[in-house]
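Asks: First the structure, which I've put down as structure tokens, then a few questions once you've had a look.
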Amino acid sequence: MPVSTNHGTDVMTARNALDPGSPVVVTGATGRQGGATARRLLAEGRPVRALVRDASAPSARALAAAGAQLARGDLDDQESLLTALDGAAALFAIPPLPYGATGIEPELEVARGKRLIDAATAKGVEQVVFSTVASMADDSPGREGKALIERYLLDQVALPTVLRPVRFMTNYLGFAGIGIDGIRRGNGTECVHRHLFSPHEPMQVVALEDIAEFAALAFADPARFAGRTLELAGDQPTPVEAAAAIGDAIGIPVRYEQLTGNEVAAIGPDVAETRRRWLAGDRWHADIEALRVIHPGLRTLTGWLAESGAAAIREHVVAQGGMIASR
């Protein structure tokens with residue numbers, strides 16, 4: 001079922017809310033999902049302890065300025081994890097994703113995930129919200145390690161919740177070093193969005209703020225969300241529709257281009273396999289209307305653009321070199 005599955009944990013005797021005065025430990029807090037979740041919890045007055053490698057990094061200092069407690073730690077250092085989780089009420093975790101020369105290293109990913117879960121249980125942390133990636137098929141590229149961590153979580157933790165978000169709306173801001181995603185300057189007065197998706201078929205997307213909202217809902221009501229797996233999306237425009245919406249919002253025309261097979265193969269085998277599966281009909285399957293019942297404020301793409309996305313994308317485009325005239 002796309003919205004929720006239960007692992008059979010008996011939560012009838014579970015507390016309806018964990019100690020609100022104890023911190024939620026957030027991994028990946030200097031990144032996208034973890035950062036959004038840390039800010040959401042801080043905004044509602046929930047204590048946050050952010051696991052960081054470098055407390056002097058600008059992103060870590062920004063968290064501290066927002067009210068988060070910083071805990072130096074590393075997923076390869078069990079003692080640092082035990083220290084960070086001491087006295088914590090709950091844990092928000094994202095995939096401990098390691099990349100090697102041949103791509104994702106699932107064995108190391110699983111070892112790190114289990115190490116974090118073991119540290120949480122050793123410290124008596126009853127609730128863990130694990131935000132991973134949306135499922136297409138069980139054997140999709142990159143799913144192996146995450147599936148093993150999910151199963152371990154459900155077996156070991158009293159109040160586990162798994163979130164599986166689809167493609168982030170912030171991906172339109174692009175990634176350094178790869179020739180995929182992001183709004184880029186084209187020739188003349190337009191911009192271009194290039195990706196592997198079919199131009200006229202729906203493509204699910206989700207706002208980081210909504211991932212954080214579902215995490216906050218789970219922390220506010222652990223018993224309700226214990227044992228549940230939620231596939232998260234907020235909208236499903238086609239790539240062409242998304243490009244048009246972004247163009248309207250930023251005042252600069254945006255054209256969508258689908259990457260060729262050779263272009264995708266040059267990026268890497270995992271991306272090429274994802275493209276093959278996508279074109280064969282293996283897609284994300286979040287039930288957006290059911291999610292909106294749980295979280296009525298679930299953002300559409302146009303809503304996210306109006307809220308913050310358009311300004312960020314336009315700034316990103318301008319930063320690529322000079323101003324493109326608005327329509």
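For the structure tokens, the naming scheme is as follows: chains receive sequential letters (A, B, ...) according to their order of presentation, residues are indexed from 1 within each chain, and ligands are indexed from 1 in presentation order.
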Give the helix (DSSP H, G or I) residues of segment 88-169 of chain A, as DSSP finds them on the backbone, and put them as a ChimeraX atom specification.

Replies: /A:106-122,143-156,169

Asks: Take the residues just selected and output them with C-alpha atoms as a PDB file, in the first residue's frame.

Replies:
ATOM      1  CA  PRO A 106      25.482  -0.916  -0.184  1.00  0.00           C
ATOM      2  CA  GLU A 107      27.524  -2.936   2.312  1.00  0.00           C
ATOM      3  CA  LEU A 108      29.002   0.195   3.867  1.00  0.00           C
ATOM      4  CA  GLU A 109      25.615   1.903   3.700  1.00  0.00           C
ATOM      5  CA  VAL A 110      24.001  -0.958   5.641  1.00  0.00           C
ATOM      6  CA  ALA A 111      26.821  -1.070   8.195  1.00  0.00           C
ATOM      7  CA  ARG A 112      26.424   2.635   8.899  1.00  0.00           C
ATOM      8  CA  GLY A 113      22.640   2.411   9.113  1.00  0.00           C
ATOM      9  CA  LYS A 114      22.740  -0.518  11.520  1.00  0.00           C
ATOM     10  CA  ARG A 115      25.423   1.181  13.619  1.00  0.00           C
ATOM     11  CA  LEU A 116      23.180   4.228  14.026  1.00  0.00           C
ATOM     12  CA  ILE A 117      20.127   2.131  14.907  1.00  0.00           C
ATOM     13  CA  ASP A 118      22.149   0.055  17.388  1.00  0.00           C
ATOM     14  CA  ALA A 119      23.379   3.236  19.073  1.00  0.00           C
ATOM     15  CA  ALA A 120      19.801   4.499  19.350  1.00  0.00           C
ATOM     16  CA  THR A 121      18.511   1.294  20.925  1.00  0.00           C
ATOM     17  CA  ALA A 122      21.511   1.105  23.260  1.00  0.00           C
ATOM     18  CA  ARG A 143      17.391   0.351  -3.022  1.00  0.00           C
ATOM     19  CA  GLU A 144      19.322  -2.685  -1.782  1.00  0.00           C
ATOM     20  CA  GLY A 145      21.060  -1.065   1.165  1.00  0.00           C
ATOM     21  CA  LYS A 146      18.102   1.108   2.131  1.00  0.00           C
ATOM     22  CA  ALA A 147      15.718  -1.866   2.134  1.00  0.00           C
ATOM     23  CA  LEU A 148      18.007  -3.780   4.491  1.00  0.00           C
ATOM     24  CA  ILE A 149      18.273  -0.785   6.828  1.00  0.00           C
ATOM     25  CA  GLU A 150      14.484  -0.349   6.793  1.00  0.00           C
ATOM     26  CA  ARG A 151      13.939  -4.004   7.750  1.00  0.00           C
ATOM     27  CA  TYR A 152      16.511  -3.753  10.522  1.00  0.00           C
ATOM     28  CA  LEU A 153      14.848  -0.598  11.831  1.00  0.00           C
ATOM     29  CA  LEU A 154      11.415  -2.238  11.918  1.00  0.00           C
ATOM     30  CA  ASP A 155      12.853  -5.232  13.773  1.00  0.00           C
ATOM     31  CA  GLN A 156      14.897  -3.327  16.350  1.00  0.00           C
ATOM     32  CA  MET A 169      11.427  20.221  -5.797  1.00  0.00           C
TER      33      MET A 169
END

Asks: Give me the residues within 9 Å of Val264 of chain A as a list of chain:residue names, counting only C-alpha atoms and dropping any in the same chain fewer than 5 places off.

Replies: A:Gly179, A:Ile180, A:His195, A:Leu196, A:Leu259, A:Pro269, A:Val271, A:Ala272, A:Arg275

Asks: How many Å lie between atom CA of His200 of chain A and atom CA of Gln236 of chain A, rounded to one decimal?

Replies: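 Between atom CA of His200 of chain A and atom CA of Gln236 of chain A the gap works out to 11.2 Å.
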
Asks: Residues of segment 45-226 of chain A classed as strand (DSSP E) by DSSP on the backbone are to be reported as a count of residues only.

Replies: 41

Asks: Report as a ChimeraX atom specification all protein, DNA and RNA residues lying within 7 Å of Val133 of chain A, evaluated on only C-alpha atoms, omitting residues in the same chain fewer than 5 positions from it.

Replies: /A:164-166

Asks: Give me the residues within 6 Å of Val162 of chain A as a VMD selection string, counting only C-alpha atoms and dropping any in the same chain fewer than 3 places off.

Replies: chain A and resid 129 to 131 229

Asks: Rank A:Leu82, A:Ala233, A:Asp270, A:Gly87 by their smallest atom-to-atom distance to Glu105 of chain A, using only C-alpha atoms, and report the top residue only.

Replies: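 So, comparing all the options, the nearest one is A:Asp270.
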
Asks: Which is closer to Arg39 of chain A than all the others in A:Ile313, A:Ala62, A:Trp278, A:Ser135, using only C-alpha atoms?

Replies: A:Ala62

Asks: To one decimal place, how far is atom CA of Glu257 of chain A from atom CA of Arg32 of chain A in Å?

Replies: 25.8 Å

Asks: Kindly give the distance, in Å, that separates atom CA of Ala55 of chain A and atom CA of Val24 of chain A, rounded to a single decimal.

Replies: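 A separation of 17.7 Å between them.
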
Asks: Which one of A:Thr132, A:Gln204, A:Ser198, A:Ser308 sits closest to Ala280 of chain A if you count only C-alpha atoms?

Replies: A:Ser198
